[in-house]
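What follows is one structure encoded as structure tokens, with my remarks underneath.
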Amino acid sequence: MSHFKLATLKFILTITFTFLLTQLNFLQAQTEEPKTKLILNINGVEYKIRRGEELKLDETIENPVLSISLAENKTLDAGAFVFDYPKHFNYGYDESYALKNWTLDGSDFVVMCFEMTFPTPLTDFVNEMVNQFGKKNCVVSNSEMKLGNQIIEGKRIDVSLIGQKLSIDFLEIKSADRISRFIAFQDTLDENGAATEESKFAIEVISNSIQYRD
């Protein structure tokens, strides 16, 4: 990941949450990174387990032939939804009084999940991001993306700044409670504005595995 992208991302998020949560006290905390999953193959049948978990075998299996390999993905459980993501992505987590934020950081692509315990309109959130990047550097449009069995609506920010092109898709995960939840996908585009292969692969992994909880 370029130093520009990482520094810009952290700066913008810091400014945005300062704006949104000026009346709240931040209490920083960390959670453990999801454990690497193992694939245990027994007589041609695959079982996925996490490091440290136990698997009880059927005692009727005779002469079992076993092989073990590392799974290509890890699993993020964000409470309201759970999905797999490429295992090479770096994991980060921050929590305050009213905000939970998970960050999955690849080489060119970043996945961010936000949960706020107070209603936060997506438009306000996006507008503040645009203000920090600079309106002249941004183009905002409506967007939608199919993740799992749902079509999620949101907003897209296309950013051109200091020779760097970024796209950020903010998708709102709607629920019956008053908690605001967003998934954001940030991609570092090539000089022609095309999405990276890493972003295509990661979104496919997420879309094929995501599950929503009521």
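Following the order of the structure tokens, first chain is A, next is B, and so on, with residues numbered from 1 inside each chain and ligands from 1 in the order they appear.
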### Query
DSSP says alpha helix (DSSP H) for which residues of segment 78-202 of chain A? Put them as number ranges by chain?
A: 122-133, 197-202
Output file for the selection above: C-alpha atoms, as a compact mmCIF listing (two decimals), in the first residue's frame:
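Just written: selection.txt:
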# COMPACT_ATOMS: atom_id res chain seq x y z
CA LEU A 122 -24.93 8.26 5.17
CA THR A 123 -25.18 11.54 3.28
CA ASP A 124 -23.77 13.49 6.24
CA PHE A 125 -20.96 11.01 6.62
CA VAL A 126 -20.04 11.19 2.93
CA ASN A 127 -20.33 14.99 2.78
CA GLU A 128 -17.85 15.38 5.62
CA MET A 129 -15.42 13.05 3.85
CA VAL A 130 -15.75 15.18 0.70
CA ASN A 131 -15.08 18.36 2.71
CA GLN A 132 -11.84 16.89 4.01
CA PHE A 133 -10.64 15.73 0.58
CA GLU A 197 -7.45 -6.89 -9.48
CA GLU A 198 -7.13 -7.04 -5.69
CA SER A 199 -10.41 -5.13 -5.28
CA LYS A 200 -12.24 -7.44 -7.71
CA PHE A 201 -10.97 -10.54 -5.93
CA ALA A 202 -11.70 -9.25 -2.42
### Message
When you look at Gly193 of chain A with a cut-off of 8 Å (counting only C-alpha atoms), what residues show up, excluding the ones that are within fewer than 3 positions of it in the same chain? I need them as a VMD selection string.
### Response
chain A and resid 165 189 to 190
